[in-house]
Amino acid sequence: MISFYPGPSRVHDDIPRWTAEAARKGILSMNHRSPEFMKLVEETVSLLRKKLRVPKSYTVFFVSSATECWEIIAQSLIREGSTHVYNGAFGEKWFSYTKRLRPATQGIVFDMQEALPKELLTHTLPELICITQNETSNGTAVAPAIISALQKKYHEALIAVDATSSMAGIDLDFSKADIWFASVQKCFGLPAGLALLICSPRSLEHARQLNERLHYNSLTFMAEMMSRWQTTHTPNVLGIYLLNKALAAMKSIRDIDKETTLRARAWFAFLKAHTSLQPLIRKSTVRSKTVITLEGDPAFIQKLKHLALKRGLLLGDGYGEYKQNTIRIANFPAITNQEIDRLKRFLKVF
Ligand SMILES: *Cc1c(COP(=O)(O)O)cnc(C)c1O
């Protein structure tokens with residue numbers, strides 16, 4: 001079965017080999033206070049800087065999920081409330097989780113067929129702006145220029161970016177925001193249970209000022225532990241090991257970005273000629289390159305998914321309100337060109 005699901009998604013072919021290697025090397029029972037663990041963490045962070053171009057001054061944290069990042073941000077980086085600008089289900093979830101913890105949090109919804117507005121209609125100056133860079137539910141993406149424009153306009157505010165389904169698939173300029181996060185079961189092509197939270201010096205200084213110390217994952221505690229390459233709890237050591245291996249084997253993010261862009265372009269060119277499927281998102285400037293969302297007649301979509309399964313092709317279901325009339329296809333680096341060709345040959349017949 002070839003999975004085109006946009007998360008949990010197809011993992012790298014080398015995962016079984018790396019996992020066996022981890023077992024042989026004693027990684028599976030590695031003590032998380034040992035020098036070996038600290039070395040693994042230090043090396044993995046240095047690989048993240050090298051391969052994904054994470055700035056030297058930014059701190060990387062290992063946590064369990066993107067959802068946990070939403071909670072850490074709400075707990076440790078917001079005084080009153082954050083400002084969420086979103087157009088889909090993941091952005092909305094982030095907003096509603098935060099609203100429960102910080103009632104002054106506000107949500108601004110924008111049209112998924114339009115770009116995220118560069119000016120936000122708020123009553124007060126935003127404290128922390130939350131953006132879902134790649135909205136996995138509908139296949140939209142926020143262009144880097146818009147994040148930059150927001151950063152310029154609201155320079156007093158922190159900007160937090162959910163890049164769960166784009167980090168490691170496209171070249172992100174981390175310096176353009178303060179807080180970035182992603183879990184690894186999407187573009188990284190790794191098993192679930194690990195996420196990265198990447199924080200600017202300014203955001204950590206803000207956390208120190210707020211000094212929220214109520215949780216095991218309060219950012220102040222996490223930062224104290226990470227200064228010694230450690231975590232506040234026993235982390236997913238195997239996950240960190242697999243991430244280390246995947247990063248070491250990975251091309252530079254600039255090359256990966258080029259491939260992702262070419263493959264996305266090829267997908268949309270292919271769809272132009274298709275009679276029963278079209279991109280859900282009409283403007284190419286707001287389309288995601290990593291999650292391709294296709295729209296069709298609901299009965300046709302159901303039939304297509306069913307027939308695809310019989311041919312060993314797992315298509316991603318539509319999400320939330322687009323469950324019936326869309327399918328989602330991951331354009332993640334772990335998926336091979338041969339697999340994409342196979343899926344296109346299958347789709348061509350309809
Ligand atoms: C998948 C996803 C999440 C949730 O990730 P978890 O690791 O399950 O917490 C959050 N945001 C976006 C944009 C996602 O695609």
# chains A, B, ... in the order shown; residues from 1 in each chain; ligands from 1
>>> residues_near_ligand(ligand="ligand 1", cutoff="9 Å", atoms="only C-alpha atoms and all ligand atoms", output="count of residues only")
36
>>> residues_around(residues="Thr83 in chain A", least_positions_apart="5", cutoff="7 Å", atoms="only C-alpha atoms", output="ChimeraX atom specification")
/A:105-107,126,128-130
>>> residues_around(residues="range 300-304 of chain A", least_positions_apart="5", cutoff="9 Å", atoms="only C-alpha atoms", output="CSV table (one decimal) with N, CA, C and O atoms, in the first residue's frame")
chain,number,residue,atom,x,y,z
A,276,SER,N,-12.8,15.4,-14.1
A,276,SER,CA,-13.6,15.2,-13.0
A,276,SER,C,-13.0,15.8,-11.7
A,276,SER,O,-13.7,15.8,-10.6
A,277,LEU,N,-11.8,16.2,-11.7
A,277,LEU,CA,-11.2,16.7,-10.5
A,277,LEU,C,-10.6,18.0,-10.7
A,277,LEU,O,-9.9,18.2,-11.8
A,295,GLU,N,-11.0,18.6,-5.6
A,295,GLU,CA,-12.4,18.7,-5.4
A,295,GLU,C,-13.1,17.9,-6.5
A,295,GLU,O,-12.6,18.0,-7.7
A,309,LEU,N,-7.9,2.3,-3.3
A,309,LEU,CA,-7.5,1.4,-2.3
A,309,LEU,C,-7.3,0.0,-2.9
A,309,LEU,O,-6.3,-0.7,-2.5
A,315,LEU,N,-5.5,7.3,-0.7
A,315,LEU,CA,-5.7,8.8,-0.8
A,315,LEU,C,-6.1,9.4,0.5
A,315,LEU,O,-6.8,8.7,1.3
A,324,GLN,N,-16.5,15.1,2.2
A,324,GLN,CA,-17.2,14.4,1.2
A,324,GLN,C,-16.7,14.7,-0.2
A,324,GLN,O,-16.7,13.9,-1.1
A,325,ASN,N,-16.4,16.0,-0.4
A,325,ASN,CA,-16.1,16.4,-1.8
A,325,ASN,C,-14.7,16.7,-2.2
A,325,ASN,O,-14.4,17.2,-3.2
A,326,THR,N,-13.8,16.3,-1.3
A,326,THR,CA,-12.4,16.5,-1.6
A,326,THR,C,-11.5,15.2,-1.2
A,326,THR,O,-12.0,14.4,-0.4
A,327,ILE,N,-10.4,15.1,-1.9
A,327,ILE,CA,-9.4,14.2,-1.4
A,327,ILE,C,-8.1,15.0,-1.3
A,327,ILE,O,-7.9,16.0,-1.9
A,347,LEU,N,-5.3,7.9,-11.9
A,347,LEU,CA,-6.3,9.0,-11.9
A,347,LEU,C,-6.6,9.4,-13.4
A,347,LEU,O,-7.7,9.9,-13.6
A,350,PHE,N,-10.0,8.4,-15.2
A,350,PHE,CA,-11.4,8.9,-14.9
A,350,PHE,C,-11.7,10.2,-15.6
A,350,PHE,O,-10.8,11.0,-15.7
>>> atom_distance(atom1="CA of Thr285 in chain A", atom2="CA of Leu116 in chain A")
11.0 Å
>>> closest_residue(among="A:Gly81, A:Pro55, A:Gly316, A:Gly26", to="Tyr241 in chain A", atoms="only C-alpha atoms")
A:Gly26
>>> closest_residue(among="A:Asn211, A:Ser252, A:Gln113, A:Ser203", to="Lys283 in chain A", atoms="only C-alpha atoms")
A:Gln113
>>> atom_distance(atom1="CA of Lys272 in chain A", atom2="CA of Gly296 in chain A")
13.2 Å
>>> residues_around(residues="Lys176 in chain A", least_positions_apart="5", cutoff="9 Å", atoms="only C-alpha atoms", output="list in words")
Pro144, Ile147, Ser148, Gln151 and Ile159 of chain A
>>> closest_residue(among="A:Arg228, A:His274, A:Lys153, A:Lys344", to="Ser34 in chain A", atoms="only C-alpha atoms")
A:Arg228
>>> residues_around(residues="Thr336 in chain A", least_positions_apart="2", cutoff="12 Å", atoms="only C-alpha atoms", output="list of chain:residue names")
A:Ile2, A:Ser3, A:Phe4, A:Arg10, A:Val11, A:His12, A:Asp13, A:Gly189, A:Glu259, A:Thr260, A:Arg263, A:Ala330, A:Asn331, A:Phe332, A:Pro333, A:Ala334, A:Gln338, A:Glu339, A:Ile340, A:Asp341, A:Arg342, A:Leu343
>>> residues_around(residues="Thr59 in chain A", least_positions_apart="5", cutoff="8 Å", atoms="only C-alpha atoms", output="PyMOL selection string")
chain A and resi 198-201
>>> write_last_selection(atoms="C-alpha atoms", output="PDB file, in the first residue's frame")
ATOM      1  CA  ILE A 198      11.819  26.413  17.520  1.00  0.00           C
ATOM      2  CA  CYS A 199      12.051  29.704  19.433  1.00  0.00           C
ATOM      3  CA  SER A 200      13.781  33.030  18.799  1.00  0.00           C
ATOM      4  CA  PRO A 201      15.846  34.690  21.558  1.00  0.00           C
TER       5      PRO A 201
END
>>> select_by_dssp(residues="range 152-232 of chain A", states="strand (DSSP E)", output="tab-separated table (two decimals) with C-alpha atoms, in the first residue's frame")
chain	number	residue	atom	x	y	z
A	158	LEU	CA	5.52	37.88	18.62
A	159	ILE	CA	4.63	35.77	15.60
A	160	ALA	CA	4.02	32.03	16.01
A	161	VAL	CA	3.82	29.78	12.96
A	162	ASP	CA	2.35	26.30	12.72
A	179	ILE	CA	8.07	30.66	17.17
A	180	TRP	CA	7.89	27.79	14.68
A	181	PHE	CA	6.70	24.25	15.22
A	182	ALA	CA	5.95	21.01	13.42
A	183	SER	CA	5.37	17.38	14.28
A	195	ALA	CA	7.53	17.49	17.39
A	196	LEU	CA	9.95	20.39	17.13
A	197	LEU	CA	9.38	23.76	18.74
A	198	ILE	CA	11.82	26.41	17.52
A	199	CYS	CA	12.05	29.70	19.43
>>> select_by_dssp(residues="range 112-342 of chain A", states="alpha helix (DSSP H)", output="VMD selection string")
chain A and resid 144 to 153 201 to 210 219 to 226 237 to 249 253 to 272 298 to 310 337 to 342
>>> residues_around(residues="range 212-222 of chain A", least_positions_apart="4", cutoff="9 Å", atoms="only C-alpha atoms", output="CSV table (one decimal) with N, CA, C and O atoms, in the first residue's frame")
chain,number,residue,atom,x,y,z
A,61,PHE,N,13.4,22.8,20.7
A,61,PHE,CA,12.9,21.9,21.8
A,61,PHE,C,12.3,20.7,21.2
A,61,PHE,O,11.6,20.8,20.1
A,63,VAL,N,9.4,18.1,21.7
A,63,VAL,CA,8.2,17.9,22.4
A,63,VAL,C,7.4,16.8,21.7
A,63,VAL,O,8.0,16.1,20.8
A,68,GLU,N,0.7,19.9,21.4
A,68,GLU,CA,1.4,20.3,22.7
A,68,GLU,C,2.1,21.7,22.5
A,68,GLU,O,2.1,22.5,23.4
A,72,ILE,N,1.8,24.9,24.9
A,72,ILE,CA,3.0,25.5,25.4
A,72,ILE,C,2.9,27.0,25.1
A,72,ILE,O,3.2,27.9,26.0
A,73,ILE,N,2.6,27.4,23.9
A,73,ILE,CA,2.5,28.8,23.5
A,73,ILE,C,1.5,29.5,24.4
A,73,ILE,O,1.7,30.6,24.9
A,75,GLN,N,0.3,28.7,27.3
A,75,GLN,CA,0.7,28.8,28.7
A,75,GLN,C,1.8,29.8,29.0
A,75,GLN,O,1.7,30.5,29.9
A,76,SER,N,2.8,29.7,28.2
A,76,SER,CA,4.1,30.3,28.5
A,76,SER,C,4.4,31.6,27.7
A,76,SER,O,5.4,32.3,28.1
A,77,LEU,N,3.7,31.9,26.7
A,77,LEU,CA,4.1,33.1,25.9
A,77,LEU,C,3.0,34.1,25.7
A,77,LEU,O,3.2,35.1,25.0
A,204,LEU,N,12.0,33.7,23.9
A,204,LEU,CA,12.4,33.1,25.1
A,204,LEU,C,12.6,34.2,26.2
A,204,LEU,O,12.3,33.9,27.4
A,207,ALA,N,9.2,34.8,27.5
A,207,ALA,CA,8.8,33.7,28.4
A,207,ALA,C,9.4,33.9,29.8
A,207,ALA,O,8.8,33.7,30.8
A,208,ARG,N,10.7,34.3,29.8
A,208,ARG,CA,11.4,34.6,31.1
A,208,ARG,C,10.7,35.7,31.8
A,208,ARG,O,10.5,35.6,33.0
A,226,MET,N,17.1,22.5,28.2
A,226,MET,CA,17.7,22.4,26.9
A,226,MET,C,19.1,23.1,26.9
A,226,MET,O,19.9,22.7,26.0
A,227,SER,N,19.4,24.0,27.8
A,227,SER,CA,20.7,24.6,27.9
A,227,SER,C,21.7,23.5,28.2
A,227,SER,O,22.9,23.6,28.0
A,230,GLN,N,19.0,18.7,27.5
A,230,GLN,CA,18.1,17.7,28.1
A,230,GLN,C,16.6,18.2,28.0
A,230,GLN,O,16.4,19.4,27.6
A,231,THR,N,15.7,17.3,28.4
A,231,THR,CA,14.3,17.6,28.3
A,231,THR,C,13.7,17.5,29.7
A,231,THR,O,14.3,17.0,30.6
A,232,THR,N,12.5,18.1,29.9
A,232,THR,CA,11.9,18.1,31.3
A,232,THR,C,11.3,16.8,31.7
A,232,THR,O,11.0,16.5,32.8
A,233,HIS,N,11.2,15.9,30.7
A,233,HIS,CA,10.5,14.6,30.9
A,233,HIS,C,11.3,13.6,30.1
A,233,HIS,O,12.2,13.9,29.3
>>> atom_distance(atom1="CA of Ala149 in chain A", atom2="CA of Leu120 in chain A")
11.3 Å
